[in-house]
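Below is one structure, written out as structure tokens; the observations come after it.
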Amino acid sequence: MANGGPVCGPISSYSRVQILHLLFEAGSSQTRGELSITELCEATGLHPNTVREHLGRLIEGGYVIPTIEHRTTRGRPRTLYSAATGAPGASSPVARDKAKAAARRGDLMRSMLPDVASGLGRDATYQLDALVEHLEESGFEPVLDDQQLTVDLSPCPHAAGRSEDRPMLCRVHLELMQGVLNEAGGPLEAECVRDAVLASDCTVQLRDTTASLIEGTEPPRHRTTPQHHRTGVAHGMA
């Protein structure tokens with residue numbers, strides 16, 4: 001799905017994107033939030049061994065949570081899988097540890113380069129630390145504007161993929177980014193992927209939920225002039 005250079009992470013293959021999409025959809029349903037390997041195979045057409053391999057990678061990355069089915073009848077319980085959204089009951093210990101490690105690295109960088117420290121609050125800054133590291137792991141080179149609360153991911157490494165696959169890819173990636181922000185804990189949300197003319201252009205709009213609580217007022221400005229941060233400068237270490 002990439003257009004040059006190695007791309008890794010949770011959306012490095014369309015099969016993995018399909019699995020994540022199904023798990024996010026299951027999590028948003030009113031009936032159940034978990035799926036079995038059999039159900040994932042039926043929905044994707046993938047071989048069980050392929051699904052197991054993808055799930056293993058996603059669990060290791062903190063994006064999927066495995067649970068053992070509680071049975072009231074005889075028989076071997078199944079392993080069920082759900083998306084790690086960071087919500088109560090859907091939090092991955094791997095993702096939590098990654099967010100804490102990103103915050104520590106961010107604090108170290110800011111102590112060395114105090115002039116590039118973010119004007120956002122502590123919790124929001126830690127959210128951005130975790131988000132940057134997630135995006136780097138996924139093959140992006142994010143540029144943050146913490147005044148406009150945007151993340152520029154251009155050029156998108158998945159731009160050369162099939163155009164019909166892009167809507168699902170973007171939805172899944174936005175869900176993953178929201179999960180990372182939730183795991184880190186703070187006021188920022190991943191609001192949307194902005195419309196773009198070119199497939200290689202990608203900008204994610206974040207939202208400060210604390211600012212929106214004051215109805216009819218403009219969100220607070222953190223700087224008099226925008227400052228853009230390439231990865232490894234103000235948030236995390238490249």
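Order determines the names: the first chain of the structure tokens is A, the second B, and so forth; residues in each chain are numbered 1 upward, and ligands are numbered 1 upward as they are shown.
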
Within 12 Å of stretch 206-212 of chain A using only C-alpha atoms, minus same-chain residues under 5 positions, as a VMD selection string: chain A and resid 120 to 121 123 to 125 127 to 128 131 144 to 152 174 177 to 178 181 186 to 194 217 to 222

Shell around stretch 51-59 of chain A at 7 Å using only C-alpha atoms, local window under 4 positions removed, as a VMD selection string: chain A and resid 10 16 37 41 46 to 47 63 to 65

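Here the question is which of A:Ile19, A:Ile11, A:Cys156, A:Ala99 gets nearest to A:Asn182 using only C-alpha atoms, and that residue is A:Ala99.
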
Those in chain A with helix (DSSP H, G or I) from DSSP, as a ChimeraX atom specification: /A:14-28,37-44,48-61,93-112,114-116,122-137,163-184,209-212
